[in-house]
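Visitor: What follows is a structure written as structure tokens; I'll ask about it next.
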There are 2 protein chains.
Amino acid sequence: MKPVEGRRRVVIEEVQPQVDCGRYPAKRILGDIVTVSAAVFGDGHDHVAGRMLYRHSGEDAWRSVPLEPLTNDLWSASFTVDKLGDWLYTIEAWVDHFDTWCADLRKRIGAQTASSTSHLSSELQDIPLALRSGALLLNRTAQRAKGSDSKLLADAAANLDRLAESNAVTYKFPFSEEIITLAAQYPDLTLATRYHQELALWVDRERARYSTWYELFPRSASPDPTRHGTFADVRELLPLISAMGFDVLYLPPIHPIGNAYRKGRNNSVASTEDDPGSPWAIGSKEGGHKSILAQLGTLRQFDALVAATHHHGMELALDIAFQCSPDHPWVTEHPDWFVIRPDGSIQYAENPPKKYQDIYPLNFESTDWRGLWEALRDVFVYWIRRNVRIFRVDNPHTKALPFWGWCIAEIHKKYPDVIFLAEAFTRPHVMYSLAKAGFTQSYTYFTWRNTKDELQEYFEEISKPPVSDFFHPNLWPNTPDILHATLQKGGRPAFMQRLILAATLGANYGIYGPAFELCENIPIRQGSEEYLDSEKYEVRHWDRSASQSLAPLVTQINQIRRNNPALQSDGSIHFHPVDNPNIICYSKSSGSNRILVAVNLDPTQEQAGWIELDLKQLAVPHNENFEIEDLLTGIHYHWHYRSNYVALRPDVMPAHIFRLIRPSSGEITLDPNATGPATEIARSEDSE
Amino acid sequence: MKPVEGRRRVVIEEVQPQVDCGRYPAKRILGDIVTVSAAVFGDGHDHVAGRMLYRHSGEDAWRSVPLEPLTNDLWSASFTVDKLGDWLYTIEAWVDHFDTWCADLRKRIGAQTASSTSHLSSELQDIPLALRSGALLLNRTAQRAKGSDSKLLADAAANLDRLAESNAVTYKFPFSEEIITLAAQYPDLTLATRYHQELALWVDRERARYSTWYELFPRSASPDPTRHGTFADVRELLPLISAMGFDVLYLPPIHPIGNAYRKGRNNSVASTEDDPGSPWAIGSKEGGHKSILAQLGTLRQFDALVAATHHHGMELALDIAFQCSPDHPWVTEHPDWFVIRPDGSIQYAENPPKKYQDIYPLNFESTDWRGLWEALRDVFVYWIRRNVRIFRVDNPHTKALPFWGWCIAEIHKKYPDVIFLAEAFTRPHVMYSLAKAGFTQSYTYFTWRNTKDELQEYFEEISKPPVSDFFHPNLWPNTPDILHATLQKGGRPAFMQRLILAATLGANYGIYGPAFELCENIPIRQGSEEYLDSEKYEVRHWDRSASQSLAPLVTQINQIRRNNPALQSDGSIHFHPVDNPNIICYSKSSGSNRILVAVNLDPTQEQAGWIELDLKQLAVPHNENFEIEDLLTGIHYHWHYRSNYVALRPDVMPAHIFRLIRPSSGEITLDPNATGPATEIARSEDSE
């Protein structure tokens, strides 16, 4: 069957960004310049032109910007996203007869000039006829144009006709560039091709891409070791957490905890009256996901904590875990939201032989799935109305993916500033699918990527398109569930290494404190990633003033992140070869801000090696030496363009975080204010 | 907005093959096993299952085949395409509750067995309850099953219930694998996810992928140098062409040639009465694209030539060039199909300063584009009805791409065996777009890819997905328009090299003869790729018995192609490193047929080097030597698994075409019937 209009001769393909053929929106951040590219071409030698159409979903009319040619039939155009939420974009392109004609005329004039000097006929190139063709095109353009533009174009057309009639031998192009530019503003769109899809773009606020999280258990926030912590205690800690440079304070679930099958210390099945139970065993007769555990405080105290967090330049993130203790009100109100066993009992969580009788999973195949979905959405909405805008969602990969697609879209419609962090540690397809379904940020495999090769391969995958178009990694060196062997065995140097890696590889990162900064590294048993005496099952008391605390380093690293835009996004990451497998080296840049990080991955001893820099990635001119500053020590170095030596002692400082200053003047400048470590480790030497 | 059914928990992504997100069909060959893969996964730990649905477009009902798991949530299934034309396929997948239950029960039994031996409660794993859940699932499956299957499943369910009631301590899985297999045949599809697209597949006959073309000008087919060749003369040449091993005989346009602005010898603007003109200046008062140039013969003689070509195991391919001489009947019948200039004249082809006044291009922006499209389609249909099934289309990239999409689909609907070769030498996007629009085969950049790096990079691109899913390359070392500098300068050795490269890199290849096999290599002028005294503008007489003729080598190469399925497709091509940039080495395989080719790319002197074989690509066991036969000489060699030496003299034989025989017995076997070149060139040595 013929198309309705068979004369649309331009083909549009390969429109980027595009996530899964446009099935999911690409993601960008407020203020980003979004560059859209496409392959645009037609048959034959006619010139093509095109434009990108874009609009915020709240706008009715498209805005447009002309496509600029790249190479090989690729074109691009950019726009700035100045509003949160859903945007749409597409491409329109057409054969540009006037531009084709201009190029043709230039060739004719060139050929005629050449033939005229060799005394051949000046009629050779049919210039008068060509001028009349041009006049026709310009007159049609004038009809599409408005006001004075129309007159200018019509005048240019009339001039072409006069020239044609005069039969004058013309070697000069007959009008100015302004006329060409003007004509391009009024293209003939009757035979334009519109790309067959309108592609969606989701725009988040900046914290989606750049955030610094601190997780703590309010139950352990009390300065009095004998007392359960409260929201008020957490408020007292805010100045300290804020001073460390965090901007998200994340609390495990704050809801009433079930009594049935409550877990005791160290996850024992037997508990005593004193055991507080796991915050993830949600719900009791006091309430469920919209209620607050009485020991933590009241709703009013919660509101005060939210406000105080904002006052300290931070946001509060809540943990939303969609599962229920047997005591949760939903169990009696909506037994159909759970799986019922043949004996009429409700199925608890189990992975034979393990039983989690304190937890009832929700049944996403419930016949009342609509009611369930709405109830779950309303949990978010409830806390959003209490001014929470960040949620860390527990095990989202055990809830139906279509639910997340709907739930997050519903919430984002009204509250586009809400950030959802997916706590999914599962297979890659499922991880990515959650991000496509709408999760803003995601936990990653970072915790289990420890060697140079592992880190490099993983971050090259997740920091570049297609993954980076929909996935914002959030790196955690530890969580209440994961104390990795690297930290168990590597001790304080390993904590320093993993902190620096997380904070510089990822624009989003977080730590579970104070376990992290106090270098807590004892597992419940050999070979386990569970903490001994985990706060998940008991109240702990922490000595934040302990001498081994990494709080000063955390503070310094977070300050470096804040001062250097290069560390506030991930797309620019580039790995540079080092001749020692124990040293990883990478750079990030943003505008003129260029950061180069080298980390010794071995917690046991000094490692040294030569870094071969990819200067193009650092915008350093070829063959020029340059000056860098180690932001951890303040020491300046004069580096060679080819190859540079580093030696890193894990017990002192396992990393350099260099800022590139400028192509070097040739002498080493020392910052007089620098206060480096006692031992001066890094050296700069020429490789030749 | 909620989906209609929110309980479809399985996600289906990354369905392959898929060309441009399913916008165009992938292509396969009759008899191919089509393997479709997809990422299929759900939330949580439930098992998923799925099936591929597929059907020929002429069938109403889907056929289906179960998905088999690969790794990492990827699944695949295969079907054989047993019919030409359009096929459709898609994926359906669901949570497999019964399979999940089986795995769960096995874990329970395992755990209970372990606990029983340690004298813990045998009730620990709730097996009776689990059995009752299983009985419910099996009973529902029995309701979906038919006849005796239904009874078997119901019986198994009843047995589970009995076991559950007996409260027996069961350590054995309660039914056979047959029941599991049977249950899998009756999945519960009520909550199945169907992939959102039905993807199209186009199935061609084998000649689309494997063909051997010989182009000749019928005008020069006469044995009498004073006479214009005829179809009858071409018939006389068929035994010779067929004996060389060609299966497609391709003729330049056979239509009446225009008189207006007829070109003379060597493309001169002045012609005499004797000049036959260019066959591409189509149309005169004798007719246009459906007529035959009287000097070639009658329609009846054409029909006889078609029949005789088939009789010799070949097919005739016609050249369809959609352009007109000023004398073409369409010019007066349909002036609106051309571009009219302001003075009322028709625009001839030009690229200032060049003018092609003997050619009027068609105007695909004609208001009567529908009439034009139909007329052009009818040209193909006319020749199809005269039993032509292969068309080489001249400059398809200067006709509107939507036209090709429509025209080829229209023709393929009724004649799915028609093969279209696109003679487009243009930018990559346009080349590929023609293939996506429906062209079966395409000319390539092979002619201009001469160094090892150029060849390797290009063939890695076009022989692998995504390109190979829609693009069948057809390699030509020469055409009437292209006598590459390599041939001009390299002489006979270069012709041998380029012949072997074309015939072994590409399952489709062709030569323009007899210019090729006679090593005609004089350009019209230095720096030009045009032949001197080109047949495009004059009748030539060829001495096919000349001593320099490569006909024997052409015959041998084509025989090797015919005997070795490995050379009849391109997807398996793999390049092996050689330590000499003048030697290229690659392998192809099909089933147990494995071919290894090494070509000296230097026409001036012997080149030697060590080949490092990628044994996995050749299915040679690691650490085993093996035996190979040079199909050009018949000589057998005993090769080392690691590295092997070759030395190739371009004047004698610039290539080896090895067939791998078997892992070697350790001794070199010489074929007693082998008649190698006088100089024994190739050596086999161990590298250590």
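Chains: A, B, ... in order of the structure tokens. Residues: from 1 per chain. Ligands: from 1, in order shown.
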Which residues of chain B sit at most 8 Å from chain A, using only C-alpha atoms? Give each one's shortest atom pair and distance in Å (one decimal place), in chain and ascending residue order, as CSV.

Guide:
residue,atom,partner,partner_atom,distance
B:Met1,CA,A:Trp406,CA,7.0
B:Lys2,CA,A:Trp406,CA,6.4
B:Gly6,CA,A:Pro402,CA,6.3
B:Arg7,CA,A:Glu365,CA,5.3
B:Arg8,CA,A:Pro402,CA,7.5
B:Arg9,CA,A:Ala400,CA,5.4
B:Val10,CA,A:Leu401,CA,7.9
B:Val11,CA,A:Leu401,CA,7.7
B:Glu14,CA,A:Asp20,CA,7.9
B:Asp20,CA,A:Glu14,CA,7.8
B:Cys21,CA,A:Cys21,CA,5.7
B:Ala39,CA,A:His429,CA,7.6
B:Phe41,CA,A:Val430,CA,7.2
B:Gly42,CA,A:Ala400,CA,7.4
B:Asp43,CA,A:Thr398,CA,5.0
B:Gly44,CA,A:Thr398,CA,3.9
B:His45,CA,A:Thr398,CA,7.5
B:Asn72,CA,A:Arg427,CA,7.2
B:Asp73,CA,A:His429,CA,7.1
B:Asp104,CA,A:Pro352,CA,7.0
B:Lys107,CA,A:Pro352,CA,5.7
B:Arg108,CA,A:Pro352,CA,5.6
B:Ala111,CA,A:Pro353,CA,5.5
B:Gln125,CA,A:Pro353,CA,7.1
B:Leu129,CA,A:Pro342,CA,6.6
B:Arg132,CA,A:Pro342,CA,6.4
B:Ser133,CA,A:Pro342,CA,6.1
B:Arg341,CA,A:Ser133,CA,7.1
B:Pro342,CA,A:Ser133,CA,6.1
B:Asp343,CA,A:Leu129,CA,7.2
B:Asn351,CA,A:Asp104,CA,7.9
B:Pro352,CA,A:Arg108,CA,5.6
B:Pro353,CA,A:Ala111,CA,5.5
B:Phe364,CA,A:Arg7,CA,6.4
B:Glu365,CA,A:Arg7,CA,5.4
B:Trp369,CA,A:Gly6,CA,7.1
B:Arg370,CA,A:Gly6,CA,7.8
B:His397,CA,A:Asp43,CA,5.2
B:Thr398,CA,A:Gly44,CA,4.0
B:Lys399,CA,A:Asp43,CA,5.8
B:Ala400,CA,A:Arg9,CA,5.5
B:Leu401,CA,A:Arg9,CA,6.4
B:Pro402,CA,A:Gly6,CA,6.3
B:Phe403,CA,A:Gly6,CA,7.0
B:Trp406,CA,A:Lys2,CA,6.4
B:Glu410,CA,A:Met1,CA,7.7
B:Arg427,CA,A:Asn72,CA,7.2
B:Pro428,CA,A:Asn72,CA,7.8
B:His429,CA,A:Asp73,CA,7.1
B:Val430,CA,A:Phe41,CA,7.2

Visitor: Quick one: residues within 12 Å of A:Tyr24, only C-alpha atoms, excluding same-chain residues fewer than 6 positions away - as a ChimeraX atom specification?

Guide: /A:17-18,86,88,198-202,405,409,432-439,466,469-471 /B:13

Visitor: Which is closest to B:Phe459 among B:Pro416, B:Pro473, B:Pro69, B:Pro552, if we use only C-alpha atoms?

Guide: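 Looking at the shortest contact to B:Phe459, the residue is B:Pro473.
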
Visitor: With only C-alpha atoms as the atoms that count, which of A:Lys616, A:Arg561, A:His574, A:Lys172 lies nearest to A:Thr113?

Guide: A:Lys172

Visitor: Any idea what's packed within 12 Å of A:Ala375, counting only C-alpha atoms, ignoring anything in its chain fewer than 5 positions away? Could you give it as a PyMOL selection string?

Guide: chain A and resi 288-290+322+330+333-334+337+362+368-370+380-382+403+407

Visitor: Convert the current residue selection to file output with N, CA, C and O atoms, as an mmCIF file, in the first residue's frame.

Guide:
data_model
loop_
_atom_site.group_PDB
_atom_site.id
_atom_site.type_symbol
_atom_site.label_atom_id
_atom_site.label_comp_id
_atom_site.auth_asym_id
_atom_site.auth_seq_id
_atom_site.Cartn_x
_atom_site.Cartn_y
_atom_site.Cartn_z
ATOM 1 N N GLY A 288 1.018 0.745 60.586
ATOM 2 C CA GLY A 288 1.880 0.192 59.553
ATOM 3 C C GLY A 288 2.761 1.250 58.916
ATOM 4 O O GLY A 288 3.452 2.005 59.615
ATOM 5 N N HIS A 289 2.741 1.285 57.576
ATOM 6 C CA HIS A 289 3.705 2.103 56.832
ATOM 7 C C HIS A 289 3.475 3.600 56.945
ATOM 8 O O HIS A 289 4.291 4.375 56.488
ATOM 9 N N LYS A 290 2.333 3.999 57.542
ATOM 10 C CA LYS A 290 2.114 5.436 57.706
ATOM 11 C C LYS A 290 2.238 5.840 59.177
ATOM 12 O O LYS A 290 1.864 6.942 59.545
ATOM 13 N N PHE A 322 8.263 -2.509 51.329
ATOM 14 C CA PHE A 322 6.908 -3.013 51.172
ATOM 15 C C PHE A 322 6.816 -4.490 51.549
ATOM 16 O O PHE A 322 6.829 -5.379 50.694
ATOM 17 N N TRP A 330 -2.636 -4.356 57.714
ATOM 18 C CA TRP A 330 -3.078 -4.877 56.408
ATOM 19 C C TRP A 330 -3.371 -6.375 56.453
ATOM 20 O O TRP A 330 -4.162 -6.873 55.669
ATOM 21 N N GLU A 333 -6.874 -6.419 57.602
ATOM 22 C CA GLU A 333 -7.759 -5.611 56.752
ATOM 23 C C GLU A 333 -7.788 -6.115 55.305
ATOM 24 O O GLU A 333 -8.801 -6.010 54.623
ATOM 25 N N HIS A 334 -6.654 -6.607 54.844
ATOM 26 C CA HIS A 334 -6.542 -7.014 53.432
ATOM 27 C C HIS A 334 -5.792 -8.331 53.305
ATOM 28 O O HIS A 334 -4.743 -8.392 52.646
ATOM 29 N N TRP A 337 -4.198 -9.365 50.037
ATOM 30 C CA TRP A 337 -2.960 -8.780 49.501
ATOM 31 C C TRP A 337 -1.758 -9.689 49.749
ATOM 32 O O TRP A 337 -0.628 -9.344 49.412
ATOM 33 N N LEU A 362 4.129 -9.205 50.092
ATOM 34 C CA LEU A 362 2.867 -8.850 49.440
ATOM 35 C C LEU A 362 2.715 -9.672 48.163
ATOM 36 O O LEU A 362 3.702 -10.060 47.536
ATOM 37 N N ASP A 368 -7.033 -8.211 43.997
ATOM 38 C CA ASP A 368 -7.195 -6.778 44.306
ATOM 39 C C ASP A 368 -5.881 -6.032 44.111
ATOM 40 O O ASP A 368 -5.487 -5.199 44.915
ATOM 41 N N TRP A 369 -5.178 -6.333 43.004
ATOM 42 C CA TRP A 369 -3.895 -5.648 42.779
ATOM 43 C C TRP A 369 -4.085 -4.141 42.669
ATOM 44 O O TRP A 369 -3.220 -3.372 43.073
ATOM 45 N N ARG A 370 -5.228 -3.722 42.157
ATOM 46 C CA ARG A 370 -5.458 -2.273 42.024
ATOM 47 C C ARG A 370 -5.466 -1.603 43.403
ATOM 48 O O ARG A 370 -4.840 -0.570 43.615
ATOM 49 N N PHE A 380 3.890 6.419 49.909
ATOM 50 C CA PHE A 380 4.821 7.475 49.474
ATOM 51 C C PHE A 380 4.170 8.849 49.625
ATOM 52 O O PHE A 380 4.776 9.786 50.147
ATOM 53 N N VAL A 381 2.926 8.946 49.145
ATOM 54 C CA VAL A 381 2.270 10.257 49.139
ATOM 55 C C VAL A 381 2.146 10.789 50.573
ATOM 56 O O VAL A 381 2.334 11.986 50.823
ATOM 57 N N TYR A 382 1.880 9.867 51.494
ATOM 58 C CA TYR A 382 1.739 10.295 52.891
ATOM 59 C C TYR A 382 3.007 10.995 53.372
ATOM 60 O O TYR A 382 2.957 12.080 53.953
ATOM 61 N N PHE A 403 4.224 -2.475 38.581
ATOM 62 C CA PHE A 403 3.802 -1.618 39.687
ATOM 63 C C PHE A 403 4.696 -0.398 39.792
ATOM 64 O O PHE A 403 4.232 0.738 39.912
ATOM 65 N N CYS A 407 3.576 3.393 39.693
ATOM 66 C CA CYS A 407 3.640 4.117 40.972
ATOM 67 C C CYS A 407 4.536 5.350 40.862
ATOM 68 O O CYS A 407 4.164 6.454 41.261
#

Visitor: Give me, as an NGL selection string, all polymer residues having an atom no more than 12 Å from B:Asp543, counting only C-alpha atoms and skipping those fewer than 3 positions away in the same chain.

Guide: :B and (220-225 or 513-515 or 517-520 or 540 or 546-549 or 551)

Visitor: Go ahead and save the picked residues with N, CA, C and O atoms, as a PDB file, in the first residue's frame.

Guide:
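So the final result, stored in out.pdb, reads:
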ATOM      1  N   SER B 220      28.882  -6.586 -27.507  1.00  0.00           N
ATOM      2  CA  SER B 220      30.229  -7.069 -27.853  1.00  0.00           C
ATOM      3  C   SER B 220      30.290  -8.591 -27.907  1.00  0.00           C
ATOM      4  O   SER B 220      31.381  -9.172 -27.847  1.00  0.00           O
ATOM      5  N   ALA B 221      29.139  -9.241 -27.987  1.00  0.00           N
ATOM      6  CA  ALA B 221      29.127 -10.710 -27.921  1.00  0.00           C
ATOM      7  C   ALA B 221      29.339 -11.376 -29.266  1.00  0.00           C
ATOM      8  O   ALA B 221      29.512 -12.603 -29.351  1.00  0.00           O
ATOM      9  N   SER B 222      29.341 -10.584 -30.289  1.00  0.00           N
ATOM     10  CA  SER B 222      29.467 -11.171 -31.628  1.00  0.00           C
ATOM     11  C   SER B 222      30.874 -11.722 -31.859  1.00  0.00           C
ATOM     12  O   SER B 222      31.856 -11.070 -31.510  1.00  0.00           O
ATOM     13  N   PRO B 223      30.992 -12.915 -32.456  1.00  0.00           N
ATOM     14  CA  PRO B 223      32.333 -13.418 -32.800  1.00  0.00           C
ATOM     15  C   PRO B 223      32.904 -12.653 -33.990  1.00  0.00           C
ATOM     16  O   PRO B 223      34.116 -12.678 -34.222  1.00  0.00           O
ATOM     17  N   ASP B 224      32.031 -11.952 -34.705  1.00  0.00           N
ATOM     18  CA  ASP B 224      32.459 -11.184 -35.887  1.00  0.00           C
ATOM     19  C   ASP B 224      32.709  -9.746 -35.465  1.00  0.00           C
ATOM     20  O   ASP B 224      31.783  -9.028 -35.090  1.00  0.00           O
ATOM     21  N   PRO B 225      33.985  -9.311 -35.488  1.00  0.00           N
ATOM     22  CA  PRO B 225      34.313  -7.987 -34.971  1.00  0.00           C
ATOM     23  C   PRO B 225      33.576  -6.865 -35.700  1.00  0.00           C
ATOM     24  O   PRO B 225      33.489  -5.749 -35.188  1.00  0.00           O
ATOM     25  N   GLY B 513      33.146  -8.971 -17.245  1.00  0.00           N
ATOM     26  CA  GLY B 513      34.023  -9.631 -18.194  1.00  0.00           C
ATOM     27  C   GLY B 513      33.664  -9.270 -19.614  1.00  0.00           C
ATOM     28  O   GLY B 513      32.635  -8.653 -19.858  1.00  0.00           O
ATOM     29  N   PRO B 514      34.461  -9.689 -20.557  1.00  0.00           N
ATOM     30  CA  PRO B 514      35.751 -10.372 -20.371  1.00  0.00           C
ATOM     31  C   PRO B 514      36.863  -9.414 -19.987  1.00  0.00           C
ATOM     32  O   PRO B 514      38.012  -9.842 -19.860  1.00  0.00           O
ATOM     33  N   ALA B 515      36.496  -8.098 -19.763  1.00  0.00           N
ATOM     34  CA  ALA B 515      37.549  -7.143 -19.386  1.00  0.00           C
ATOM     35  C   ALA B 515      38.331  -7.659 -18.176  1.00  0.00           C
ATOM     36  O   ALA B 515      39.553  -7.497 -18.105  1.00  0.00           O
ATOM     37  N   GLU B 517      38.731 -10.988 -16.851  1.00  0.00           N
ATOM     38  CA  GLU B 517      39.620 -12.155 -16.967  1.00  0.00           C
ATOM     39  C   GLU B 517      40.722 -11.932 -17.989  1.00  0.00           C
ATOM     40  O   GLU B 517      41.771 -12.596 -17.938  1.00  0.00           O
ATOM     41  N   LEU B 518      40.509 -10.947 -18.887  1.00  0.00           N
ATOM     42  CA  LEU B 518      41.574 -10.634 -19.844  1.00  0.00           C
ATOM     43  C   LEU B 518      42.510  -9.549 -19.300  1.00  0.00           C
ATOM     44  O   LEU B 518      43.385  -9.056 -20.001  1.00  0.00           O
ATOM     45  N   CYS B 519      42.288  -9.174 -18.065  1.00  0.00           N
ATOM     46  CA  CYS B 519      43.184  -8.237 -17.366  1.00  0.00           C
ATOM     47  C   CYS B 519      43.290  -6.891 -18.072  1.00  0.00           C
ATOM     48  O   CYS B 519      44.349  -6.242 -18.062  1.00  0.00           O
ATOM     49  N   GLU B 520      42.191  -6.474 -18.672  1.00  0.00           N
ATOM     50  CA  GLU B 520      42.141  -5.147 -19.302  1.00  0.00           C
ATOM     51  C   GLU B 520      42.361  -4.086 -18.224  1.00  0.00           C
ATOM     52  O   GLU B 520      41.612  -4.024 -17.251  1.00  0.00           O
ATOM     53  N   ARG B 540      32.885  -3.642 -28.602  1.00  0.00           N
ATOM     54  CA  ARG B 540      34.249  -4.153 -28.523  1.00  0.00           C
ATOM     55  C   ARG B 540      34.281  -5.602 -28.997  1.00  0.00           C
ATOM     56  O   ARG B 540      33.257  -6.300 -29.008  1.00  0.00           O
ATOM     57  N   ALA B 546      42.932 -15.416 -25.287  1.00  0.00           N
ATOM     58  CA  ALA B 546      44.255 -14.821 -25.051  1.00  0.00           C
ATOM     59  C   ALA B 546      44.976 -15.556 -23.909  1.00  0.00           C
ATOM     60  O   ALA B 546      44.347 -16.054 -22.976  1.00  0.00           O
ATOM     61  N   SER B 547      46.304 -15.606 -24.039  1.00  0.00           N
ATOM     62  CA  SER B 547      47.078 -16.433 -23.086  1.00  0.00           C
ATOM     63  C   SER B 547      47.030 -15.883 -21.673  1.00  0.00           C
ATOM     64  O   SER B 547      47.160 -16.619 -20.698  1.00  0.00           O
ATOM     65  N   GLN B 548      46.843 -14.542 -21.532  1.00  0.00           N
ATOM     66  CA  GLN B 548      46.826 -13.986 -20.172  1.00  0.00           C
ATOM     67  C   GLN B 548      45.503 -14.214 -19.471  1.00  0.00           C
ATOM     68  O   GLN B 548      45.325 -13.809 -18.327  1.00  0.00           O
ATOM     69  N   SER B 549      44.550 -14.829 -20.151  1.00  0.00           N
ATOM     70  CA  SER B 549      43.211 -14.948 -19.564  1.00  0.00           C
ATOM     71  C   SER B 549      43.246 -15.656 -18.211  1.00  0.00           C
ATOM     72  O   SER B 549      43.893 -16.694 -18.045  1.00  0.00           O
ATOM     73  N   ALA B 551      40.599 -17.005 -17.051  1.00  0.00           N
ATOM     74  CA  ALA B 551      39.434 -17.899 -17.043  1.00  0.00           C
ATOM     75  C   ALA B 551      39.700 -19.209 -16.294  1.00  0.00           C
ATOM     76  O   ALA B 551      38.842 -19.663 -15.526  1.00  0.00           O
TER      77      ALA B 551
END

Visitor: Please run DSSP on the backbone and report, as number ranges by chain, all residues within stretch 466-615 of chain B that come out as alpha helix (DSSP H).

Guide: B: 485-505, 551-563
